[in-house]
$ cat structure39.txt   # compact mmCIF, C-alpha atoms and all ligand atoms
# COMPACT_ATOMS: atom_id res chain seq x y z
CA MET A 1 92.10 135.80 142.49
CA TYR A 2 91.92 134.86 138.81
CA SER A 3 89.86 131.77 139.45
CA ILE A 4 87.35 133.77 141.45
CA ALA A 5 87.12 136.30 138.64
CA LEU A 6 86.69 133.47 136.14
CA VAL A 7 83.89 131.92 138.16
CA ILE A 8 82.11 135.28 138.31
CA VAL A 9 82.47 135.70 134.55
CA CYS A 10 81.18 132.19 133.95
CA VAL A 11 78.24 132.64 136.27
CA LEU A 12 77.41 135.95 134.59
CA ALA A 13 77.74 134.40 131.12
CA THR A 14 75.45 131.55 132.14
CA ALA A 15 72.99 133.97 133.64
CA ILE A 16 72.92 136.18 130.55
CA GLY A 17 73.00 133.25 128.10
CA GLN A 18 75.44 132.38 125.34
CA PRO A 19 78.35 134.78 125.04
CA THR A 20 78.17 136.63 121.73
CA ILE A 21 80.86 135.69 119.24
CA HIS A 22 82.31 138.50 117.21
CA TYR A 23 83.23 137.58 113.66
CA GLU A 24 85.24 139.89 111.45
CA PHE A 25 83.91 140.39 107.91
CA LYS A 26 80.80 138.57 109.06
CA GLU A 27 78.89 138.82 105.76
CA GLU A 28 81.87 137.68 103.71
CA TRP A 29 82.35 134.78 106.12
CA GLN A 30 78.67 133.76 105.78
CA LEU A 31 78.86 134.03 102.01
CA TRP A 32 82.04 131.95 101.89
CA LYS A 33 80.51 129.27 104.14
CA ASN A 34 77.43 129.06 101.94
CA GLN A 35 79.42 129.00 98.75
CA HIS A 36 81.48 126.02 99.92
CA SER A 37 78.74 124.31 101.96
CA LYS A 38 80.72 124.57 105.20
CA SER A 39 79.09 123.79 108.49
CA TYR A 40 80.72 123.37 111.86
CA GLN A 41 79.82 121.19 114.82
CA THR A 42 80.20 123.79 117.54
CA GLU A 43 80.49 127.56 117.98
CA LEU A 44 84.04 127.03 119.16
CA GLU A 45 84.98 125.11 116.03
CA GLU A 46 83.44 127.81 113.86
CA LEU A 47 85.37 130.49 115.72
CA GLU A 48 88.63 128.58 115.25
CA LYS A 49 87.95 128.05 111.55
CA HIS A 50 87.02 131.71 111.23
CA LEU A 51 90.40 132.74 112.64
CA VAL A 52 92.22 130.48 110.17
CA TRP A 53 90.10 131.85 107.32
CA LEU A 54 90.87 135.42 108.44
CA SER A 55 94.60 134.86 108.40
CA ASN A 56 94.41 133.19 104.97
CA LYS A 57 92.26 136.07 103.71
CA LYS A 58 94.86 138.58 104.89
CA TYR A 59 97.66 136.56 103.30
CA ILE A 60 95.79 136.51 99.98
CA GLU A 61 95.07 140.24 100.09
CA LEU A 62 98.63 141.16 100.90
CA HIS A 63 99.95 138.93 98.11
CA ASN A 64 97.50 140.48 95.64
CA ALA A 65 98.51 144.00 96.65
CA ASN A 66 101.95 142.94 95.36
CA ALA A 67 100.74 140.73 92.51
CA ASP A 68 102.89 142.59 89.95
CA THR A 69 106.01 141.66 91.87
CA PHE A 70 104.94 138.04 92.27
CA GLY A 71 103.68 137.72 88.69
CA PHE A 72 100.55 135.83 89.71
CA SER A 73 97.50 136.42 91.84
CA LEU A 74 95.66 134.49 94.54
CA ALA A 75 92.02 134.07 95.52
CA MET A 76 90.12 132.71 98.49
CA ASN A 77 88.76 129.22 97.77
CA HIS A 78 87.34 126.11 99.46
CA LEU A 79 90.67 125.50 101.23
CA GLY A 80 90.39 128.79 103.14
CA ASP A 81 89.49 127.44 106.58
CA MET A 82 92.23 124.83 106.71
CA THR A 83 95.38 125.19 108.77
CA ASP A 84 98.66 124.35 107.02
CA TYR A 85 98.63 121.03 108.83
CA GLU A 86 95.09 120.16 107.70
CA TYR A 87 95.90 121.17 104.12
CA GLN A 88 98.99 118.96 104.07
CA GLU A 89 97.28 116.03 105.72
CA LYS A 90 94.22 116.04 103.44
CA TYR A 91 95.60 117.29 100.15
CA LEU A 92 99.35 116.82 99.93
CA THR A 93 99.27 113.04 100.01
CA TYR A 94 101.32 112.13 96.95
CA GLN A 95 103.93 109.59 98.11
CA ASN A 96 107.01 108.92 96.07
CA SER A 97 108.54 105.47 96.30
CA ASN A 98 112.23 105.24 95.58
CA SER A 99 111.97 101.55 94.73
CA LYS A 100 110.03 102.28 91.54
CA SER A 101 112.56 104.24 89.49
CA GLY A 102 114.17 101.23 87.78
CA ASN A 103 110.79 99.54 87.25
CA TYR A 104 109.34 101.63 84.43
CA THR A 105 109.07 99.97 81.04
CA LYS A 106 111.59 102.47 79.71
CA VAL A 107 113.05 105.93 80.10
CA PHE A 108 111.80 108.48 77.58
CA GLN A 109 114.27 109.30 74.79
CA ARG A 110 113.92 112.23 72.44
CA GLU A 111 113.80 110.82 68.89
CA PRO A 112 115.31 112.64 65.88
CA TRP A 113 111.85 113.13 64.29
CA MET A 114 110.45 114.92 67.34
CA THR A 115 109.78 118.64 67.22
CA ASP A 116 108.59 120.90 70.01
CA PRO A 117 106.23 123.66 68.91
CA GLU A 118 106.33 126.92 70.88
CA THR A 119 102.93 126.19 72.41
CA VAL A 120 101.07 122.96 73.05
CA ASP A 121 97.56 122.64 74.46
CA TRP A 122 96.08 119.15 74.32
CA ARG A 123 92.68 120.52 75.37
CA THR A 124 92.25 121.81 71.83
CA LYS A 125 92.96 118.32 70.42
CA GLY A 126 90.27 116.48 72.37
CA ALA A 127 92.72 114.76 74.70
CA VAL A 128 91.73 116.31 78.03
CA THR A 129 88.54 115.64 80.02
CA ASN A 130 86.80 118.30 82.12
CA ILE A 131 88.28 119.40 85.43
CA LYS A 132 87.45 116.96 88.23
CA ASN A 133 87.26 117.49 91.98
CA GLN A 134 88.92 115.12 94.44
CA GLY A 135 87.07 116.66 97.39
CA ASP A 136 88.44 115.64 100.77
CA CYS A 137 90.01 112.45 99.44
CA GLY A 138 93.81 112.59 99.19
CA ALA A 139 94.08 110.88 95.83
CA SER A 140 95.66 113.40 93.46
CA TYR A 141 97.81 110.50 92.25
CA ALA A 142 94.70 108.75 90.85
CA PHE A 143 93.55 111.91 89.03
CA SER A 144 97.03 112.47 87.66
CA ALA A 145 97.38 108.89 86.39
CA MET A 146 93.88 108.80 84.87
CA GLY A 147 94.41 112.21 83.26
CA ALA A 148 97.50 110.93 81.48
CA LEU A 149 95.77 107.70 80.44
CA GLU A 150 92.64 109.56 79.25
CA GLY A 151 94.94 111.59 77.01
CA ALA A 152 96.91 108.63 75.66
CA SER A 153 93.70 106.66 74.96
CA ALA A 154 91.97 109.60 73.29
CA LEU A 155 94.95 110.22 71.03
CA ALA A 156 95.11 106.54 70.08
CA THR A 157 91.38 105.87 69.59
CA GLY A 158 89.90 109.28 68.82
CA LYS A 159 87.47 108.84 71.72
CA LEU A 160 87.83 110.88 74.91
CA ILE A 161 86.37 108.85 77.79
CA PRO A 162 86.59 110.00 81.44
CA LEU A 163 88.23 107.21 83.43
CA SER A 164 87.44 106.11 86.97
CA GLU A 165 89.69 107.46 89.74
CA GLN A 166 87.47 105.57 92.18
CA ASN A 167 88.53 102.33 90.47
CA ILE A 168 92.17 103.27 91.18
CA ILE A 169 91.47 104.41 94.76
CA ASP A 170 89.61 101.20 95.66
CA CYS A 171 91.60 98.63 93.71
CA SER A 172 95.27 99.71 93.62
CA VAL A 173 95.68 99.26 97.39
CA PRO A 174 97.14 95.73 97.12
CA TYR A 175 99.73 97.17 94.72
CA GLY A 176 100.94 99.74 97.26
CA ASN A 177 98.65 102.79 97.12
CA HIS A 178 96.65 103.96 100.14
CA GLY A 179 93.23 104.93 98.82
CA CYS A 180 92.37 108.45 100.01
CA LYS A 181 95.50 108.56 102.14
CA GLY A 182 97.88 108.86 99.22
CA GLY A 183 99.91 107.00 96.67
CA ASN A 184 101.62 107.53 93.35
CA MET A 185 100.98 107.27 89.63
CA TYR A 186 103.52 104.50 89.05
CA ILE A 187 101.49 102.16 91.26
CA ALA A 188 98.21 103.30 89.66
CA PHE A 189 99.70 102.43 86.25
CA LYS A 190 101.02 99.16 87.61
CA TYR A 191 97.49 98.26 88.72
CA VAL A 192 95.92 99.11 85.33
CA ILE A 193 98.57 97.05 83.51
CA ALA A 194 98.15 94.04 85.83
CA ASN A 195 94.36 94.39 85.79
CA ASP A 196 94.20 94.59 81.98
CA GLY A 197 92.13 97.75 82.11
CA VAL A 198 90.28 100.40 84.06
CA ASP A 199 86.57 101.24 84.22
CA SER A 200 84.93 104.42 82.98
CA GLU A 201 83.96 107.25 85.31
CA THR A 202 80.30 106.62 84.41
CA SER A 203 80.35 102.93 85.29
CA TYR A 204 82.47 103.36 88.43
CA PRO A 205 81.61 106.87 89.67
CA TYR A 206 83.55 108.95 92.15
CA GLY A 207 82.48 108.62 95.78
CA GLY A 208 85.22 110.65 97.44
CA LYS A 209 86.20 107.92 99.89
CA GLN A 210 87.81 104.52 99.72
CA SER A 211 85.45 101.55 99.33
CA SER A 212 85.88 97.92 98.40
CA CYS A 213 87.00 97.20 94.86
CA THR A 214 84.10 96.65 92.44
CA TYR A 215 85.93 96.72 89.09
CA LYS A 216 83.91 95.09 86.31
CA THR A 217 85.73 93.78 83.23
CA GLN A 218 82.77 94.53 80.97
CA ASN A 219 82.98 98.24 81.91
CA SER A 220 86.67 98.55 81.13
CA VAL A 221 87.26 101.31 78.58
CA ALA A 222 91.02 101.80 78.58
CA SER A 223 94.14 99.76 79.11
CA MET A 224 97.89 100.18 78.94
CA SER A 225 100.91 97.92 78.54
CA GLY A 226 103.66 99.92 80.20
CA SER A 227 104.71 103.21 81.73
CA ILE A 228 107.44 105.53 80.53
CA GLN A 229 109.55 107.64 82.86
CA ILE A 230 111.02 111.09 82.14
CA LYS A 231 114.66 111.41 83.17
CA TYR A 232 114.75 112.99 86.64
CA GLY A 233 114.63 116.77 86.43
CA SER A 234 114.82 117.07 82.62
CA GLU A 235 112.42 119.78 81.50
CA THR A 236 113.76 119.33 77.95
CA ASP A 237 112.63 115.70 77.92
CA LEU A 238 109.35 116.63 79.59
CA GLU A 239 108.74 119.17 76.84
CA ALA A 240 109.47 116.64 74.08
CA ALA A 241 107.18 114.08 75.75
CA VAL A 242 104.33 116.57 76.16
CA ALA A 243 104.73 117.86 72.59
CA ASN A 244 105.08 114.48 70.89
CA ASN A 245 103.20 111.99 73.07
CA GLY A 246 100.47 113.75 75.00
CA PRO A 247 99.55 114.65 78.58
CA VAL A 248 102.13 113.64 81.21
CA ALA A 249 101.53 112.81 84.89
CA VAL A 250 103.74 114.85 87.24
CA ALA A 251 104.28 115.41 90.94
CA ILE A 252 105.21 118.74 92.50
CA ASP A 253 105.80 120.50 95.79
CA GLY A 254 102.44 122.15 96.44
CA SER A 255 103.03 122.99 100.06
CA SER A 256 103.13 126.78 99.86
CA ASN A 257 100.06 128.85 100.59
CA ALA A 258 100.68 130.67 97.32
CA PHE A 259 99.99 127.40 95.51
CA ARG A 260 97.04 126.57 97.72
CA PHE A 261 95.34 129.87 96.87
CA TYR A 262 96.67 130.26 93.30
CA PHE A 263 94.24 132.09 91.04
CA SER A 264 95.93 133.27 87.82
CA GLY A 265 99.19 134.09 86.12
CA VAL A 266 102.40 132.06 86.06
CA TYR A 267 103.02 130.46 89.44
CA ASP A 268 106.68 131.18 90.15
CA SER A 269 108.01 130.56 93.62
CA SER A 270 111.61 130.48 94.75
CA ARG A 271 110.41 128.69 97.88
CA CYS A 272 109.31 125.61 96.00
CA SER A 273 111.31 122.41 96.45
CA SER A 274 112.43 120.27 93.48
CA SER A 275 112.68 117.10 95.51
CA TYR A 276 110.03 117.28 98.22
CA LEU A 277 107.07 116.11 96.12
CA ASN A 278 103.62 115.98 97.68
CA HIS A 279 100.96 116.69 95.04
CA ALA A 280 100.19 115.19 91.63
CA MET A 281 98.75 116.84 88.50
CA VAL A 282 98.77 116.33 84.71
CA ILE A 283 100.75 118.46 82.28
CA THR A 284 98.39 119.11 79.37
CA GLY A 285 100.54 121.60 77.48
CA TYR A 286 103.00 124.45 77.76
CA GLY A 287 103.51 127.97 76.40
CA ILE A 288 104.79 131.47 77.02
CA SER A 289 102.92 134.30 78.70
CA GLY A 290 104.68 137.63 78.15
CA ASP A 291 108.26 136.61 78.86
CA GLN A 292 107.37 133.82 81.28
CA GLU A 293 107.56 130.25 80.06
CA TYR A 294 105.01 127.98 81.71
CA TRP A 295 103.74 124.43 81.98
CA LEU A 296 99.97 124.11 81.74
CA ALA A 297 98.94 121.77 84.56
CA LYS A 298 95.50 120.28 85.14
CA ASN A 299 94.63 120.06 88.83
CA SER A 300 91.85 118.07 90.54
CA TRP A 301 90.46 120.74 92.87
CA GLY A 302 87.40 121.78 90.86
CA THR A 303 87.01 124.74 88.50
CA ASN A 304 86.91 127.38 91.24
CA TRP A 305 90.60 126.85 91.93
CA GLY A 306 93.16 128.56 89.69
CA GLU A 307 92.46 129.35 86.05
CA GLU A 308 89.28 127.29 85.69
CA GLY A 309 90.99 124.41 87.47
CA TYR A 310 94.39 124.82 85.75
CA VAL A 311 97.68 126.32 86.90
CA LYS A 312 100.51 127.74 84.86
CA MET A 313 103.73 126.53 86.50
CA ALA A 314 107.06 128.27 85.83
CA ARG A 315 108.96 126.41 83.06
CA ASN A 316 112.69 126.12 82.47
CA LYS A 317 113.47 127.55 85.89
CA TYR A 318 115.70 124.80 87.22
CA ASN A 319 112.95 122.20 87.54
CA GLN A 320 110.97 124.49 89.80
CA CYS A 321 108.64 122.69 92.25
CA GLY A 322 109.99 119.38 90.94
CA ILE A 323 107.81 119.50 87.84
CA ALA A 324 110.15 117.04 86.05
CA SER A 325 111.25 115.08 89.14
CA ASP A 326 108.62 112.36 88.84
CA ALA A 327 107.05 112.68 85.38
CA SER A 328 105.67 109.67 83.53
CA PHE A 329 103.06 108.61 81.01
CA PRO A 330 101.42 105.38 79.85
CA SER A 331 102.33 103.42 76.75
CA LEU A 332 99.34 101.57 75.32
C1 LIG B 1 110.28 97.55 91.79
O1 LIG B 1 110.80 96.24 91.54
C2 LIG B 1 111.35 95.63 92.70
C3 LIG B 1 111.98 94.31 92.25
O2 LIG B 1 111.04 93.52 91.57
C4 LIG B 1 110.28 95.43 93.76
O3 LIG B 1 110.82 94.87 94.93
C5 LIG B 1 109.67 96.79 94.10
O4 LIG B 1 108.59 96.64 95.00
C6 LIG B 1 109.17 97.48 92.84
N1 LIG B 1 108.68 98.82 93.21
C7 LIG B 1 107.43 99.23 93.02
C8 LIG B 1 107.08 100.59 93.54
O5 LIG B 1 106.59 98.56 92.44
$ encode --input "structure39.txt" --output "structure tokens"
Amino acid sequence: MYSIALVIVCVLATAIGQPTIHYEFKEEWQLWKNQHSKSYQTELEELEKHLVWLSNKKYIELHNANADTFGFSLAMNHLGDMTDYEYQEKYLTYQNSNSKSGNYTKVFQREPWMTDPETVDWRTKGAVTNIKNQGDCGASYAFSAMGALEGASALATGKLIPLSEQNIIDCSVPYGNHGCKGGNMYIAFKYVIANDGVDSETSYPYGGKQSSCTYKTQNSVASMSGSIQIKYGSETDLEAAVANNGPVAVAIDGSSNAFRFYFSGVYDSSRCSSSYLNHAMVITGYGISGDQEYWLAKNSWGTNWGEEGYVKMARNKYNQCGIASDASFPSL
């Protein structure tokens, strides 16, 4: 019975032409697609993506209706048509390696001369480059590592030079990273140390996918001699390192949709894991907003995401999201 009905429907549809697809919030959908240069292969794919976008849009709106309770707000962004699975596969590619923990040059120790001001923002001291965009390449680890090295170099030389993530993506593979399929900052640092340097962003520009290694010694603009680890989970040590040394590379659990669509305020989520790390960023400062202490973290998802590309992560809340679970910085 059903199959006969189906055949009739199909024949009718063929006779009439393409079935009309009904999109909800059609204009908003068009606008969003244009804004993020989205195009889909087939009508069916577009319809599927539209449904994902719709459910993300509803999630964002419901969160924002309760933004006072959450303490932060969300916004639709370029990640809006991705399923949770796609988001994790493409973006949450940071990979911890347990074998590295004893391999750092040293573990950070707070020295008696160190003081921690109430607020620190390395952007105001010329130690932070502009927000970058990793695109579809799962290499947050490269952006995190280069962000920390850009800061350390700038503070040592007085010159802020954007460094090449592409150099790391292409060339740290033999050391254990996986190009656009993930890796970690320890291995990125290990590569720069072994390689005696890393090229500038200008000389080795970002391509958004893994290619063969074309590092050129004459274009090297920064180097490092070792990497320093923050004691697992110590936000006190992380604070001292950020205040007294400079930007610090960190990994977090970024798997919640609240993080994915973060827009402003202090991101504070009880659902965040302290040990399941999957995304890397750079801590470029810290402060207090109202009565909420936060870490200022530089992300690599463009300026449309978060507060002009930055996120304020809850601070001194039991190592929330694992902010101090894999923190490290270069020594020059
Ligand atoms: C840490 O050192 C050990 C011993 O040399 C080595 O086997 C391991 O691969 C190193 N880990 C990383 C991530 O480099």
$ residues_around --input "structure39.txt" --residues "range 262-269 of chain A" --least-positions-apart "5" --cutoff "7 Å" --atoms "all atoms listed in the file" --output "list in words"
Gly71, Phe72, Ser73, Leu74, Ala75, Tyr294, Trp305, Gly306, Glu307, Lys312, Met313 and Ala314 of chain A
$ residues_around --input "structure39.txt" --residues "range 119-128 of chain A" --least-positions-apart "6" --cutoff "6 Å" --atoms "only C-alpha atoms" --output "list of chain:residue names"
A:Gly151, A:Ala154, A:Thr284, A:Gly285, A:Tyr286, A:Gly287
$ closest_atom_pairs --input "structure39.txt" --of "chain A" --to "ligand LIG 1 (chain B)" --cutoff "7 Å" --atoms "all atoms listed in the file" --output "Markdown table"
| residue | atom | partner | partner_atom | distance |
| --- | --- | --- | --- | --- |
| A:Ser97 | CA | B:LIG1 | C8 | 5.8 |
| A:Ser99 | CA | B:LIG1 | N1 | 4.5 |
| A:Lys100 | CA | B:LIG1 | C8 | 3.9 |
| A:Gly102 | CA | B:LIG1 | C1 | 6.7 |
| A:Asn103 | CA | B:LIG1 | C1 | 5.0 |
| A:Tyr186 | CA | B:LIG1 | C8 | 6.9 |
| A:Ile187 | CA | B:LIG1 | C8 | 6.2 |
$ atom_distance --input "structure39.txt" --atom1 "CA of Pro174 in chain A" --atom2 "CA of Ile230 in chain A"
25.6 Å
$ atom_distance --input "structure39.txt" --atom1 "CA of Gly254 in chain A" --atom2 "CA of Thr303 in chain A"
17.5 Å
$ residues_around --input "structure39.txt" --residues "Gln166 in chain A" --least-positions-apart "6" --cutoff "9 Å" --atoms "only C-alpha atoms" --output "list in words"
Ala142, Gly179, Glu201, Tyr204, Pro205, Tyr206, Gly207, Gly208, Lys209, Gln210, Ser211 and Cys213 of chain A
$ closest_residue --input "structure39.txt" --among "A:Tyr91, A:Tyr310, A:Tyr215, A:Tyr175" --to "Asp253 in chain A" --atoms "only C-alpha atoms"
A:Tyr91
$ closest_residue --input "structure39.txt" --among "A:Asp170, A:Asp199, A:Glu165, A:Glu43" --to "Ser300 in chain A" --atoms "all atoms listed in the file"
A:Glu165
$ closest_residue --input "structure39.txt" --among "A:Thr83, A:Asn64, A:Asn245, A:Thr202" --to "Leu51 in chain A" --atoms "only C-alpha atoms"
A:Thr83
$ atom_distance --input "structure39.txt" --atom1 "CA of Asn56 in chain A" --atom2 "CA of Glu86 in chain A"
13.3 Å
$ closest_residue --input "structure39.txt" --among "A:Ser256, A:Ser140, A:Asn130, A:Thr236" --to "Trp295 in chain A" --atoms "all atoms listed in the file"
A:Thr236
$ residues_around --input "structure39.txt" --residues "Leu44 in chain A" --least-positions-apart "6" --cutoff "12 Å" --atoms "only C-alpha atoms" --output "MDAnalysis selection string"
chainID A and resid 18:23 50:51
$ decode --input "structure39.txt" --residues "range 89-194 of chain A" --atoms "C-alpha atoms" --output "PDB file, in the first residue's frame"
ATOM      1  CA  GLU A  89      36.054  16.198  14.423  1.00  0.00           C
ATOM      2  CA  LYS A  90      37.136  19.452  12.759  1.00  0.00           C
ATOM      3  CA  TYR A  91      37.804  21.745  15.694  1.00  0.00           C
ATOM      4  CA  LEU A  92      38.422  19.789  18.877  1.00  0.00           C
ATOM      5  CA  THR A  93      41.617  18.143  17.699  1.00  0.00           C
ATOM      6  CA  TYR A  94      44.032  18.978  20.494  1.00  0.00           C
ATOM      7  CA  GLN A  95      45.681  15.691  21.528  1.00  0.00           C
ATOM      8  CA  ASN A  96      47.401  15.351  24.850  1.00  0.00           C
ATOM      9  CA  SER A  97      50.278  12.909  25.087  1.00  0.00           C
ATOM     10  CA  ASN A  98      50.957  11.461  28.501  1.00  0.00           C
ATOM     11  CA  SER A  99      54.546  10.638  27.591  1.00  0.00           C
ATOM     12  CA  LYS A 100      55.509  14.316  27.484  1.00  0.00           C
ATOM     13  CA  SER A 101      54.968  15.396  31.086  1.00  0.00           C
ATOM     14  CA  GLY A 102      58.465  14.557  32.334  1.00  0.00           C
ATOM     15  CA  ASN A 103      60.094  15.940  29.172  1.00  0.00           C
ATOM     16  CA  TYR A 104      59.712  19.680  29.717  1.00  0.00           C
ATOM     17  CA  THR A 105      62.881  21.625  30.453  1.00  0.00           C
ATOM     18  CA  LYS A 106      61.495  22.405  33.894  1.00  0.00           C
ATOM     19  CA  VAL A 107      58.376  22.869  35.967  1.00  0.00           C
ATOM     20  CA  PHE A 108      57.460  26.482  36.687  1.00  0.00           C
ATOM     21  CA  GLN A 109      58.267  27.647  40.224  1.00  0.00           C
ATOM     22  CA  ARG A 110      56.962  30.836  41.753  1.00  0.00           C
ATOM     23  CA  GLU A 111      60.001  32.938  42.750  1.00  0.00           C
ATOM     24  CA  PRO A 112      60.037  35.199  45.843  1.00  0.00           C
ATOM     25  CA  TRP A 113      60.341  38.349  43.684  1.00  0.00           C
ATOM     26  CA  MET A 114      57.187  37.566  41.695  1.00  0.00           C
ATOM     27  CA  THR A 115      54.051  39.609  42.226  1.00  0.00           C
ATOM     28  CA  ASP A 116      50.639  39.111  40.670  1.00  0.00           C
ATOM     29  CA  PRO A 117      48.775  42.325  39.884  1.00  0.00           C
ATOM     30  CA  GLU A 118      44.968  42.214  40.064  1.00  0.00           C
ATOM     31  CA  THR A 119      44.709  42.493  36.288  1.00  0.00           C
ATOM     32  CA  VAL A 120      47.090  41.569  33.502  1.00  0.00           C
ATOM     33  CA  ASP A 121      46.539  42.174  29.790  1.00  0.00           C
ATOM     34  CA  TRP A 122      49.560  41.527  27.582  1.00  0.00           C
ATOM     35  CA  ARG A 123      47.742  43.068  24.604  1.00  0.00           C
ATOM     36  CA  THR A 124      48.453  46.480  26.100  1.00  0.00           C
ATOM     37  CA  LYS A 125      52.185  45.657  26.318  1.00  0.00           C
ATOM     38  CA  GLY A 126      52.677  44.785  22.654  1.00  0.00           C
ATOM     39  CA  ALA A 127      53.024  41.058  23.288  1.00  0.00           C
ATOM     40  CA  VAL A 128      49.946  39.749  21.461  1.00  0.00           C
ATOM     41  CA  THR A 129      49.395  39.608  17.690  1.00  0.00           C
ATOM     42  CA  ASN A 130      45.991  40.077  16.052  1.00  0.00           C
ATOM     43  CA  ILE A 131      43.377  37.338  16.241  1.00  0.00           C
ATOM     44  CA  LYS A 132      44.001  34.623  13.643  1.00  0.00           C
ATOM     45  CA  ASN A 133      41.606  32.162  12.040  1.00  0.00           C
ATOM     46  CA  GLN A 134      42.413  28.461  11.748  1.00  0.00           C
ATOM     47  CA  GLY A 135      39.516  27.876   9.347  1.00  0.00           C
ATOM     48  CA  ASP A 136      38.686  24.219   8.808  1.00  0.00           C
ATOM     49  CA  CYS A 137      42.153  23.033   9.810  1.00  0.00           C
ATOM     50  CA  GLY A 138      42.267  21.345  13.224  1.00  0.00           C
ATOM     51  CA  ALA A 139      45.478  22.968  14.391  1.00  0.00           C
ATOM     52  CA  SER A 140      44.588  25.008  17.476  1.00  0.00           C
ATOM     53  CA  TYR A 141      47.761  23.563  19.014  1.00  0.00           C
ATOM     54  CA  ALA A 142      49.887  25.434  16.427  1.00  0.00           C
ATOM     55  CA  PHE A 143      48.088  28.736  17.108  1.00  0.00           C
ATOM     56  CA  SER A 144      48.415  28.230  20.842  1.00  0.00           C
ATOM     57  CA  ALA A 145      52.144  27.446  20.668  1.00  0.00           C
ATOM     58  CA  MET A 146      52.908  30.328  18.277  1.00  0.00           C
ATOM     59  CA  GLY A 147      50.832  32.731  20.382  1.00  0.00           C
ATOM     60  CA  ALA A 148      52.932  31.925  23.429  1.00  0.00           C
ATOM     61  CA  LEU A 149      56.193  32.189  21.463  1.00  0.00           C
ATOM     62  CA  GLU A 150      55.124  35.469  19.811  1.00  0.00           C
ATOM     63  CA  GLY A 151      54.603  36.846  23.312  1.00  0.00           C
ATOM     64  CA  ALA A 152      57.890  35.567  24.735  1.00  0.00           C
ATOM     65  CA  SER A 153      59.851  36.868  21.707  1.00  0.00           C
ATOM     66  CA  ALA A 154      58.145  40.256  21.769  1.00  0.00           C
ATOM     67  CA  LEU A 155      58.862  40.693  25.470  1.00  0.00           C
ATOM     68  CA  ALA A 156      62.509  39.734  24.956  1.00  0.00           C
ATOM     69  CA  THR A 157      63.231  41.709  21.769  1.00  0.00           C
ATOM     70  CA  GLY A 158      60.665  44.506  21.790  1.00  0.00           C
ATOM     71  CA  LYS A 159      59.473  43.391  18.351  1.00  0.00           C
ATOM     72  CA  LEU A 160      56.094  41.717  17.884  1.00  0.00           C
ATOM     73  CA  ILE A 161      56.298  39.447  14.834  1.00  0.00           C
ATOM     74  CA  PRO A 162      53.436  37.118  13.801  1.00  0.00           C
ATOM     75  CA  LEU A 163      54.848  33.586  13.574  1.00  0.00           C
ATOM     76  CA  SER A 164      53.939  30.883  11.079  1.00  0.00           C
ATOM     77  CA  GLU A 165      51.423  28.261  12.223  1.00  0.00           C
ATOM     78  CA  GLN A 166      51.715  26.755   8.745  1.00  0.00           C
ATOM     79  CA  ASN A 167      55.400  26.091   9.463  1.00  0.00           C
ATOM     80  CA  ILE A 168      54.335  24.117  12.556  1.00  0.00           C
ATOM     81  CA  ILE A 169      51.494  22.298  10.764  1.00  0.00           C
ATOM     82  CA  ASP A 170      53.719  21.188   7.865  1.00  0.00           C
ATOM     83  CA  CYS A 171      56.982  20.519   9.679  1.00  0.00           C
ATOM     84  CA  SER A 172      56.211  19.183  13.178  1.00  0.00           C
ATOM     85  CA  VAL A 173      54.662  15.977  11.799  1.00  0.00           C
ATOM     86  CA  PRO A 174      57.864  13.906  12.163  1.00  0.00           C
ATOM     87  CA  TYR A 175      57.946  14.996  15.827  1.00  0.00           C
ATOM     88  CA  GLY A 176      54.472  13.599  16.514  1.00  0.00           C
ATOM     89  CA  ASN A 177      51.867  16.183  15.471  1.00  0.00           C
ATOM     90  CA  HIS A 178      49.248  15.463  12.808  1.00  0.00           C
ATOM     91  CA  GLY A 179      49.001  18.607  10.704  1.00  0.00           C
ATOM     92  CA  CYS A 180      45.348  19.675  10.454  1.00  0.00           C
ATOM     93  CA  LYS A 181      44.246  16.545  12.283  1.00  0.00           C
ATOM     94  CA  GLY A 182      45.562  17.637  15.650  1.00  0.00           C
ATOM     95  CA  GLY A 183      48.531  17.691  17.940  1.00  0.00           C
ATOM     96  CA  ASN A 184      49.838  19.519  20.976  1.00  0.00           C
ATOM     97  CA  MET A 185      51.966  22.501  21.928  1.00  0.00           C
ATOM     98  CA  TYR A 186      54.703  20.443  23.567  1.00  0.00           C
ATOM     99  CA  ILE A 187      55.514  18.829  20.218  1.00  0.00           C
ATOM    100  CA  ALA A 188      55.264  22.185  18.400  1.00  0.00           C
ATOM    101  CA  PHE A 189      57.810  23.585  20.879  1.00  0.00           C
ATOM    102  CA  LYS A 190      59.954  20.489  20.508  1.00  0.00           C
ATOM    103  CA  TYR A 191      60.047  21.072  16.744  1.00  0.00           C
ATOM    104  CA  VAL A 192      61.021  24.764  17.079  1.00  0.00           C
ATOM    105  CA  ILE A 193      63.799  23.872  19.543  1.00  0.00           C
ATOM    106  CA  ALA A 194      65.166  21.070  17.340  1.00  0.00           C
TER     107      ALA A 194
END
